[in-house]
file target-v6.pdb (PDB, C-alpha atoms)
ATOM      1  CA  MET A 617       3.788  -5.563  18.954
ATOM      2  CA  PRO A 618       4.178  -2.073  17.544
ATOM      3  CA  THR A 619       7.326  -0.180  16.696
ATOM      4  CA  TYR A 620       7.634   3.239  18.339
ATOM      5  CA  ASP A 621       9.730   6.179  17.150
ATOM      6  CA  TYR A 622      11.755   8.124  19.698
ATOM      7  CA  ARG A 623      13.778  11.354  19.494
ATOM      8  CA  CYS A 624      16.260  12.679  22.023
ATOM      9  CA  THR A 625      15.477  16.248  23.107
ATOM     10  CA  ASP A 626      19.182  16.915  23.768
ATOM     11  CA  CYS A 627      21.137  15.483  20.816
ATOM     12  CA  GLY A 628      18.314  14.957  18.270
ATOM     13  CA  TYR A 629      19.081  11.249  17.849
ATOM     14  CA  THR A 630      16.049   9.486  16.314
ATOM     15  CA  PHE A 631      15.445   5.735  16.396
ATOM     16  CA  GLU A 632      12.748   3.065  16.393
ATOM     17  CA  HIS A 633      12.092   0.646  19.240
ATOM     18  CA  PHE A 634       9.978  -2.523  19.110
ATOM     19  CA  GLN A 635       8.027  -2.954  22.351
ATOM     20  CA  LYS A 636       4.685  -4.050  23.799
ATOM     21  CA  MET A 637       1.847  -1.550  24.060
ATOM     22  CA  THR A 638       1.777  -2.130  27.820
ATOM     23  CA  ASP A 639       5.505  -1.343  28.278
ATOM     24  CA  LYS A 640       6.434   2.043  29.692
ATOM     25  CA  PRO A 641       7.913   4.472  27.136
ATOM     26  CA  LEU A 642      11.708   4.730  27.056
ATOM     27  CA  SER A 643      13.028   7.758  28.927
ATOM     28  CA  GLN A 644      16.813   7.881  28.479
ATOM     29  CA  CYS A 645      18.782   8.254  25.242
ATOM     30  CA  ASP A 646      21.356   5.502  24.584
ATOM     31  CA  ASN A 647      23.452   7.980  22.587
ATOM     32  CA  CYS A 648      23.933  10.823  25.097
ATOM     33  CA  GLY A 649      21.818   9.971  28.165
ATOM     34  CA  GLY A 650      19.357  12.813  27.465
ATOM     35  CA  GLU A 651      15.575  12.779  27.715
ATOM     36  CA  LEU A 652      13.585  10.919  25.048
ATOM     37  CA  LYS A 653      10.254  11.894  23.548
ATOM     38  CA  ARG A 654       8.035   9.288  21.877
ATOM     39  CA  LEU A 655       6.880  10.490  18.465
ATOM     40  CA  ILE A 656       3.453  10.004  16.938
ATOM     41  CA  GLY A 657       3.714   7.611  14.008
ATOM     42  CA  ALA A 658       1.645   7.443  10.856
ATOM     43  CA  GLY A 659       0.778   3.814  11.458
ATOM     44  CA  LEU A 660       0.188   1.160   8.840
ATOM     45  CA  GLY A 661      -2.700   0.268   6.621
ATOM     46  CA  PRO A 662      -4.376  -3.103   6.981
ATOM     47  CA  ILE A 663      -2.483  -6.138   5.737
ATOM     48  CA  PHE A 664      -4.696  -8.777   4.131
ATOM     49  CA  LYS A 665      -3.340 -12.316   4.301
ATOM     50  CA  GLY A 666      -4.801 -15.461   2.857
ATOM     51  CA  THR A 667      -7.138 -16.167  -0.013
ATOM     52  CA  GLY A 668     -10.217 -14.159  -0.814
ATOM     53  CA  PHE A 669      -8.695 -10.710  -1.308
ATOM     54  CA  TYR A 670      -8.291  -9.532  -4.868
ATOM     55  CA  GLN A 671      -7.079  -6.320  -6.474
ATOM     56  CA  THR A 672     -10.400  -6.107  -8.308
ATOM     57  CA  ASP A 673     -12.292  -5.905  -4.998
ATOM     58  CA  TYR A 674     -11.401  -2.232  -4.738
ATOM     59  CA  LYS A 675     -12.641   0.552  -6.977
ATOM     60  CA  ASN A 676     -10.158   2.561  -8.951
ATOM     61  CA  GLY A 677     -10.369   5.184 -11.654
ATOM     62  CA  ASN A 678      -9.068   2.839 -14.369
ATOM     63  CA  SER A 679     -12.088   0.588 -14.723
ATOM     64  CA  ALA A 680     -12.730  -0.901 -18.149
ATOM     65  CA  LYS A 681     -15.243   0.963 -20.244
ATOM     66  CA  PRO A 682     -17.322  -0.465 -23.105
ATOM     67  CA  VAL A 683     -15.812   0.007 -26.550
ATOM     68  CA  ASP A 684     -17.662   2.294 -28.941
ATOM     69  CA  LYS A 685     -17.429   0.496 -32.324
ATOM     70  CA  LYS A 686     -18.147   3.723 -34.213
ATOM     71  CA  LYS A 687     -14.877   5.181 -32.920
ATOM     72  CA  MET A 688     -12.782   2.117 -33.759
ATOM     73  CA  ASN A 689     -10.523   2.412 -36.789
ATOM     74  CA  LYS A 690     -10.296  -0.226 -39.524
ATOM     75  CA  SER A 691      -7.205  -1.990 -38.143
ATOM     76  CA  THR A 692      -8.789  -2.332 -34.715
ATOM     77  CA  GLU A 693     -11.990  -3.727 -36.238
ATOM     78  CA  THR A 694      -9.981  -6.276 -38.227
ATOM     79  CA  ALA A 695      -8.020  -7.352 -35.136
ATOM     80  CA  ALA A 696     -11.226  -7.650 -33.075
ATOM     81  CA  LYS A 697     -12.873  -9.737 -35.813
ATOM     82  CA  THR A 698      -9.811 -12.043 -36.029
ATOM     83  CA  VAL A 699      -9.880 -12.676 -32.274
ATOM     84  CA  SER A 700     -13.638 -13.268 -32.381
ATOM     85  CA  ASP A 701     -13.280 -15.733 -35.268
ATOM     86  CA  LYS A 702     -10.640 -17.731 -33.362
ATOM     87  CA  LYS A 703     -12.882 -17.987 -30.292
ATOM     88  CA  ASN A 704     -16.007 -18.980 -32.258
ATOM     89  CA  PRO A 705     -14.984 -21.077 -35.265
ATOM     90  CA  ALA A 706     -17.802 -21.744 -37.729
TER      91      ALA A 706
END

call {"tool": "encode", "arguments": {"input": "target-v6.pdb", "output": "structure tokens"}}
result
Amino acid sequence: MPTYDYRCTDCGYTFEHFQKMTDKPLSQCDNCGGELKRLIGAGLGPIFKGTGFYQTDYKNGNSAKPVDKKKMNKSTETAAKTVSDKKNPA
């Protein structure tokens, strides 16, 4: 069931009301008894529940790029070699 936003045309009171889509819109303000107007909401994005949805399923601008070894400095090369040696012992 969706939540609808309402605003009173007389006193300006704004509130949310949880109701079925088939229910008639509210018409009278609880605050002053004035006329209510249902506002257009922004809505929500989809909510994915359960397994099978991963952050990596969606493209973003921060994707990993291959490392250019020519641009690496000496300390980075040494660190990369140390990690490589630990993974593949001779």

call {"tool": "residues_near_point", "arguments": {"input": "target-v6.pdb", "point": "(25.8, 10.6, 27.2)", "cutoff": "12 Å", "atoms": "all atoms listed in the file", "output": "PyMOL selection string"}}
result
chain A and resi 624+626-627+629+644-651

call {"tool": "resolve_selection", "arguments": {"input": "target-v6.pdb", "expression": "the PyMOL selection byres ((chain A and resi 639-643) around 9)", "output": "PDB file with C-alpha atoms, in the coordinates of the input"}}
result
ATOM      1  CA  TYR A 620       7.634   3.239  18.339  1.00  0.00           C
ATOM      2  CA  TYR A 622      11.755   8.124  19.698  1.00  0.00           C
ATOM      3  CA  HIS A 633      12.092   0.646  19.240  1.00  0.00           C
ATOM      4  CA  GLN A 635       8.027  -2.954  22.351  1.00  0.00           C
ATOM      5  CA  LYS A 636       4.685  -4.050  23.799  1.00  0.00           C
ATOM      6  CA  MET A 637       1.847  -1.550  24.060  1.00  0.00           C
ATOM      7  CA  THR A 638       1.777  -2.130  27.820  1.00  0.00           C
ATOM      8  CA  GLN A 644      16.813   7.881  28.479  1.00  0.00           C
ATOM      9  CA  CYS A 645      18.782   8.254  25.242  1.00  0.00           C
ATOM     10  CA  GLY A 650      19.357  12.813  27.465  1.00  0.00           C
ATOM     11  CA  GLU A 651      15.575  12.779  27.715  1.00  0.00           C
ATOM     12  CA  LEU A 652      13.585  10.919  25.048  1.00  0.00           C
ATOM     13  CA  LYS A 653      10.254  11.894  23.548  1.00  0.00           C
ATOM     14  CA  ARG A 654       8.035   9.288  21.877  1.00  0.00           C
TER      15      ARG A 654
END

call {"tool": "atom_distance", "arguments": {"input": "target-v6.pdb", "atom1": "atom CA of A:Asp621", "atom2": "atom CA of A:Pro662"}}
result
19.7 Å
